[in-house]
>>> print(open('structure-v8.cif').read())   # mmCIF, C-alpha atoms
data_my_file
#
loop_
_atom_site.group_PDB
_atom_site.id
_atom_site.type_symbol
_atom_site.label_atom_id
_atom_site.label_comp_id
_atom_site.auth_asym_id
_atom_site.auth_seq_id
_atom_site.Cartn_x
_atom_site.Cartn_y
_atom_site.Cartn_z
ATOM 1 C CA MET G 1 -75.841 71.755 104.050
ATOM 2 C CA SER G 2 -73.071 72.986 101.775
ATOM 3 C CA ARG G 3 -69.911 73.429 103.782
ATOM 4 C CA ILE G 4 -67.875 74.521 100.777
ATOM 5 C CA GLY G 5 -70.446 77.164 99.813
ATOM 6 C CA LEU G 6 -70.259 78.770 103.253
ATOM 7 C CA LYS G 7 -66.477 79.261 103.161
ATOM 8 C CA VAL G 8 -65.344 82.843 102.609
ATOM 9 C CA ILE G 9 -63.100 83.566 99.615
ATOM 10 C CA LYS G 10 -60.227 85.990 100.229
ATOM 11 C CA ILE G 11 -59.456 88.323 97.326
ATOM 12 C CA PRO G 12 -55.667 88.749 97.000
ATOM 13 C CA ALA G 13 -54.038 92.087 96.187
ATOM 14 C CA GLY G 14 -54.138 92.941 92.488
ATOM 15 C CA VAL G 15 -57.351 91.009 91.802
ATOM 16 C CA THR G 16 -60.729 92.633 91.130
ATOM 17 C CA VAL G 17 -64.098 90.871 91.086
ATOM 18 C CA ASP G 18 -67.254 92.421 89.576
ATOM 19 C CA VAL G 19 -70.658 90.701 89.537
ATOM 20 C CA ASN G 20 -73.204 91.884 86.944
ATOM 21 C CA ASN G 21 -76.244 90.101 85.441
ATOM 22 C CA GLY G 22 -75.336 86.637 86.658
ATOM 23 C CA VAL G 23 -71.695 86.786 85.543
ATOM 24 C CA ALA G 24 -68.701 87.379 87.795
ATOM 25 C CA LEU G 25 -65.719 88.946 86.029
ATOM 26 C CA VAL G 26 -62.413 88.168 87.759
ATOM 27 C CA LYS G 27 -59.369 90.212 86.660
ATOM 28 C CA GLY G 28 -55.834 89.633 87.856
ATOM 29 C CA PRO G 29 -52.191 89.929 86.869
ATOM 30 C CA LYS G 30 -52.329 86.938 84.455
ATOM 31 C CA GLY G 31 -55.615 87.842 82.726
ATOM 32 C CA SER G 32 -59.362 87.728 83.247
ATOM 33 C CA LEU G 33 -61.994 84.998 83.561
ATOM 34 C CA GLU G 34 -65.788 84.951 83.635
ATOM 35 C CA VAL G 35 -67.788 82.759 86.028
ATOM 36 C CA LYS G 36 -71.523 82.212 85.581
ATOM 37 C CA VAL G 37 -73.524 82.742 88.761
ATOM 38 C CA PRO G 38 -76.932 80.991 88.889
ATOM 39 C CA SER G 39 -79.955 83.116 89.752
ATOM 40 C CA VAL G 40 -80.559 81.231 93.034
ATOM 41 C CA ILE G 41 -77.067 82.110 94.299
ATOM 42 C CA SER G 42 -76.146 85.622 95.411
ATOM 43 C CA VAL G 43 -72.538 86.782 95.560
ATOM 44 C CA LYS G 44 -71.633 89.618 97.938
ATOM 45 C CA ILE G 45 -68.263 91.362 97.868
ATOM 46 C CA GLU G 46 -67.329 92.933 101.220
ATOM 47 C CA GLY G 47 -63.893 94.516 101.186
ATOM 48 C CA ASP G 48 -61.424 91.764 100.303
ATOM 49 C CA GLU G 49 -63.871 88.896 100.928
ATOM 50 C CA ILE G 50 -66.495 87.169 98.805
ATOM 51 C CA ARG G 51 -69.496 85.453 100.383
ATOM 52 C CA CYS G 52 -71.926 83.223 98.504
ATOM 53 C CA SER G 53 -75.452 82.607 99.782
ATOM 54 C CA ARG G 54 -78.402 80.658 98.415
ATOM 55 C CA ALA G 55 -82.063 81.583 98.011
ATOM 56 C CA ASN G 56 -83.614 78.357 99.352
ATOM 57 C CA GLU G 57 -82.808 74.955 100.835
ATOM 58 C CA GLU G 58 -83.608 72.734 97.834
ATOM 59 C CA LYS G 59 -81.089 70.021 97.007
ATOM 60 C CA HIS G 60 -80.179 71.443 93.597
ATOM 61 C CA THR G 61 -79.696 74.923 95.062
ATOM 62 C CA LYS G 62 -77.369 73.526 97.727
ATOM 63 C CA GLN G 63 -75.342 71.796 95.016
ATOM 64 C CA LEU G 64 -75.088 75.010 93.000
ATOM 65 C CA HIS G 65 -74.018 76.880 96.148
ATOM 66 C CA GLY G 66 -70.856 74.836 96.631
ATOM 67 C CA THR G 67 -70.111 74.636 92.909
ATOM 68 C CA THR G 68 -70.403 78.395 92.386
ATOM 69 C CA ARG G 69 -68.138 79.133 95.330
ATOM 70 C CA ALA G 70 -65.547 76.601 94.070
ATOM 71 C CA ASN G 71 -65.675 78.054 90.538
ATOM 72 C CA LEU G 72 -65.128 81.599 91.877
ATOM 73 C CA ASN G 73 -62.198 80.428 93.986
ATOM 74 C CA ASP G 74 -60.662 78.582 90.999
ATOM 75 C CA ALA G 75 -60.996 81.723 88.866
ATOM 76 C CA ILE G 76 -59.169 83.778 91.503
ATOM 77 C CA VAL G 77 -56.378 81.189 91.747
ATOM 78 C CA GLY G 78 -56.209 81.052 87.939
ATOM 79 C CA VAL G 79 -55.718 84.793 87.409
ATOM 80 C CA THR G 80 -53.085 84.996 90.176
ATOM 81 C CA SER G 81 -50.954 81.852 89.741
ATOM 82 C CA GLY G 82 -52.591 79.800 86.970
ATOM 83 C CA PHE G 83 -52.998 76.034 86.659
ATOM 84 C CA LYS G 84 -50.563 73.449 85.345
ATOM 85 C CA LYS G 85 -50.774 69.744 84.464
ATOM 86 C CA GLU G 86 -47.764 67.645 83.519
ATOM 87 C CA LEU G 87 -48.009 64.470 81.458
ATOM 88 C CA VAL G 88 -45.428 61.744 80.770
ATOM 89 C CA ILE G 89 -45.314 59.548 77.670
ATOM 90 C CA VAL G 90 -44.066 55.996 78.303
ATOM 91 C CA GLY G 91 -43.380 53.469 75.541
ATOM 92 C CA ILE G 92 -40.825 52.626 72.877
ATOM 93 C CA GLY G 93 -41.224 55.031 69.963
ATOM 94 C CA TYR G 94 -43.889 57.095 71.732
ATOM 95 C CA ARG G 95 -43.116 60.804 71.477
ATOM 96 C CA ALA G 96 -44.611 64.261 71.177
ATOM 97 C CA GLN G 97 -43.499 67.470 69.530
ATOM 98 C CA MET G 98 -44.860 70.946 68.969
ATOM 99 C CA ARG G 99 -46.169 72.130 65.597
ATOM 100 C CA GLY G 100 -47.152 75.758 65.974
ATOM 101 C CA ASP G 101 -49.338 75.943 69.076
ATOM 102 C CA ALA G 102 -50.657 72.376 68.598
ATOM 103 C CA ILE G 103 -49.060 69.166 69.817
ATOM 104 C CA VAL G 104 -48.310 66.280 67.437
ATOM 105 C CA MET G 105 -48.190 62.859 69.094
ATOM 106 C CA ASN G 106 -46.866 59.521 67.820
ATOM 107 C CA VAL G 107 -48.210 56.939 70.259
ATOM 108 C CA GLY G 108 -48.283 53.647 68.384
ATOM 109 C CA TYR G 109 -50.923 54.375 65.747
ATOM 110 C CA SER G 110 -50.300 54.374 61.990
ATOM 111 C CA HIS G 111 -50.920 58.131 61.953
ATOM 112 C CA GLU G 112 -49.989 61.203 63.978
ATOM 113 C CA ILE G 113 -52.474 62.674 66.412
ATOM 114 C CA VAL G 114 -52.729 66.472 66.423
ATOM 115 C CA ILE G 115 -54.332 68.171 69.427
ATOM 116 C CA LYS G 116 -55.010 71.891 69.433
ATOM 117 C CA PRO G 117 -55.303 73.563 72.843
ATOM 118 C CA GLU G 118 -58.364 75.428 74.036
ATOM 119 C CA PRO G 119 -58.135 79.233 73.546
ATOM 120 C CA THR G 120 -56.790 80.110 77.027
ATOM 121 C CA VAL G 121 -54.409 77.127 77.284
ATOM 122 C CA LYS G 122 -50.722 76.844 76.343
ATOM 123 C CA ILE G 123 -49.063 73.478 75.633
ATOM 124 C CA SER G 124 -45.290 72.932 75.716
ATOM 125 C CA CYS G 125 -42.948 69.942 75.301
ATOM 126 C CA PRO G 126 -39.767 70.238 77.385
ATOM 127 C CA SER G 127 -38.671 66.864 75.947
ATOM 128 C CA ALA G 128 -40.076 64.257 73.557
ATOM 129 C CA THR G 129 -41.684 62.331 76.431
ATOM 130 C CA GLU G 130 -42.950 65.226 78.577
ATOM 131 C CA VAL G 131 -45.925 67.516 77.958
ATOM 132 C CA VAL G 132 -46.874 70.540 80.089
ATOM 133 C CA VAL G 133 -50.340 72.107 79.876
ATOM 134 C CA GLU G 134 -50.749 75.563 81.456
ATOM 135 C CA GLY G 135 -53.519 78.135 81.577
ATOM 136 C CA LEU G 136 -55.846 80.358 83.591
ATOM 137 C CA SER G 137 -58.953 78.179 83.618
ATOM 138 C CA LYS G 138 -58.812 74.987 85.691
ATOM 139 C CA GLN G 139 -61.515 73.426 83.522
ATOM 140 C CA ALA G 140 -59.756 74.221 80.221
ATOM 141 C CA VAL G 141 -56.369 72.968 81.465
ATOM 142 C CA GLY G 142 -57.934 69.753 82.771
ATOM 143 C CA GLN G 143 -59.915 69.205 79.557
ATOM 144 C CA THR G 144 -56.866 69.688 77.317
ATOM 145 C CA ALA G 145 -54.749 67.396 79.518
ATOM 146 C CA ALA G 146 -57.515 64.764 79.423
ATOM 147 C CA LEU G 147 -57.630 64.967 75.603
ATOM 148 C CA ILE G 148 -53.881 64.401 75.437
ATOM 149 C CA ARG G 149 -54.057 61.496 77.911
ATOM 150 C CA GLY G 150 -57.016 60.024 76.027
ATOM 151 C CA THR G 151 -54.934 59.518 72.876
ATOM 152 C CA ARG G 152 -53.342 56.440 74.478
ATOM 153 C CA GLU G 153 -54.401 55.773 78.052
ATOM 154 C CA PRO G 154 -51.883 53.805 80.119
ATOM 155 C CA GLU G 155 -52.454 50.063 79.968
ATOM 156 C CA PRO G 156 -52.033 47.847 83.038
ATOM 157 C CA TYR G 157 -49.776 45.102 81.598
ATOM 158 C CA ASN G 158 -46.732 46.981 80.302
ATOM 159 C CA GLY G 159 -47.569 50.449 81.678
ATOM 160 C CA LYS G 160 -47.224 52.075 78.240
ATOM 161 C CA GLY G 161 -49.238 55.141 77.336
ATOM 162 C CA VAL G 162 -49.751 58.787 78.269
ATOM 163 C CA MET G 163 -50.184 59.405 81.993
ATOM 164 C CA TYR G 164 -50.191 62.296 84.414
ATOM 165 C CA LYS G 165 -46.890 62.886 86.185
ATOM 166 C CA GLY G 166 -46.961 61.011 89.485
ATOM 167 C CA GLU G 167 -49.979 58.891 88.459
ATOM 168 C CA HIS G 168 -49.802 55.326 89.752
ATOM 169 C CA ILE G 169 -50.931 52.638 87.326
ATOM 170 C CA ILE G 170 -52.075 49.415 88.998
ATOM 171 C CA ARG G 171 -50.168 46.681 87.187
ATOM 172 C CA LYS G 172 -51.582 43.273 86.286
ATOM 173 C CA GLU G 173 -49.715 40.093 85.614
ATOM 174 C CA GLY G 174 -50.213 38.403 82.269
ATOM 175 C CA LYS G 175 -51.849 35.050 81.538
ATOM 176 C CA ARG G 176 -48.495 33.292 81.445
ATOM 177 C CA ALA G 177 -47.536 34.400 84.969
ATOM 178 C CA ALA G 178 -50.964 33.554 86.386
ATOM 179 C CA SER G 179 -50.937 29.975 85.037
ATOM 180 C CA GLY G 180 -47.783 29.028 86.911
ATOM 181 C CA GLY G 181 -45.429 28.982 83.898
ATOM 182 C CA LYS G 182 -46.763 25.920 82.080
#
>>> encode(input="structure-v8.cif", output="structure tokens")
Amino acid sequence: MSRIGLKVIKIPAGVTVDVNNGVALVKGPKGSLEVKVPSVISVKIEGDEIRCSRANEEKHTKQLHGTTRANLNDAIVGVTSGFKKELVIVGIGYRAQMRGDAIVMNVGYSHEIVIKPEPTVKISCPSATEVVVEGLSKQAVGQTAALIRGTREPEPYNGKGVMYKGEHIIRKEGKRAASGGK
């Protein structure tokens, strides 16, 4: 049974939710987002609460129940406060800078890597080794941050690469240290 799907979503002040033809439109102070609602899930708006219910007890329907409720909740959080991911670049000569709305990264390759953000996402570089990704959609912010991190994932020996702020990289010792120094 989906426990997440049964939780009630509170609609904060200043946010409106309309459900029409399988699409929920969420409008708030920061903008608006659309959430697709599967046909087996029904969304009822009662005052300042949203309740999701499912049509049957099949496994796939139960999975959609929790996912739809989580997506609606993320849309409400997105239009009220937004989402933010911070990344840190570690390594000698590794740096990032803004070029227009895209980010240009030098992370040890012979060429620059240019990443353009998704339409609802804003990228900024407070310093040459810090990148901040902000936006309304949790999925779009996470996808853009993952693209940036994927340019040079952190490696376990020296810890160099692009990582999320606060991410812990499990370090390995090299061959020389493991052999006992011979």
>>> residues_near_point(input="structure-v8.cif", point="(-46.2, 78.5, 78.1)", cutoff="9 Å", atoms="only C-alpha atoms", output="list in words")
Val121, Lys122, Ile123, Ser124, Val132, Val133, Glu134 and Gly135 of chain G
>>> resolve_selection(input="structure-v8.cif", expression="the PyMOL selection byres ((chain G and resi 137-154) around 10)", output="number ranges by chain")
G: 32-34, 71, 74-79, 82-91, 94, 103-109, 113-123, 131-136, 155-164, 167-170
>>> residues_around(input="structure-v8.cif", residues="Ile45 in chain G", least_positions_apart="5", cutoff="9 Å", atoms="only C-alpha atoms", output="ChimeraX atom specification")
/G:17-19,50-52
>>> atom_distance(input="structure-v8.cif", atom1="CA of Ser42 in chain G", atom2="CA of Thr16 in chain G")
17.5 Å
>>> closest_residue(input="structure-v8.cif", among="G:Arg171, G:Arg3, G:Arg99, G:Arg176", to="His65 in chain G", atoms="only C-alpha atoms")
G:Arg3
>>> closest_residue(input="structure-v8.cif", among="G:Gly47, G:Glu58, G:Thr80, G:Lys36", to="Gly14 in chain G", atoms="only C-alpha atoms")
G:Thr80
>>> closest_residue(input="structure-v8.cif", among="G:Asn56, G:Thr67, G:Asn21, G:Ser81", to="Val40 in chain G", atoms="only C-alpha atoms")
G:Asn56
>>> axis_aligned_box(input="structure-v8.cif", around="range 100-114 of chain G", padding_each_side="5 Å", output="AutoDock Vina command-line options")
--center_x -49.8 --center_y 64.8 --center_z 66.1 --size_x 15.9 --size_y 32.3 --size_z 18.3
>>> residues_near_point(input="structure-v8.cif", point="(-39.9, 69.5, 70.9)", cutoff="7 Å", atoms="only C-alpha atoms", output="VMD selection string")
chain G and resid 97 to 98 125 to 128
>>> atom_distance(input="structure-v8.cif", atom1="CA of Leu72 in chain G", atom2="CA of Asp101 in chain G")
28.3 Å
>>> closest_residue(input="structure-v8.cif", among="G:Leu64, G:Ala102, G:Val26, G:Val37", to="Leu6 in chain G", atoms="all atoms listed in the file")
G:Leu64
>>> atom_distance(input="structure-v8.cif", atom1="CA of Gly5 in chain G", atom2="CA of Leu25 in chain G")
18.7 Å
>>> closest_residue(input="structure-v8.cif", among="G:Ser39, G:Arg95, G:Thr61, G:Pro12", to="Lys27 in chain G", atoms="only C-alpha atoms")
G:Pro12
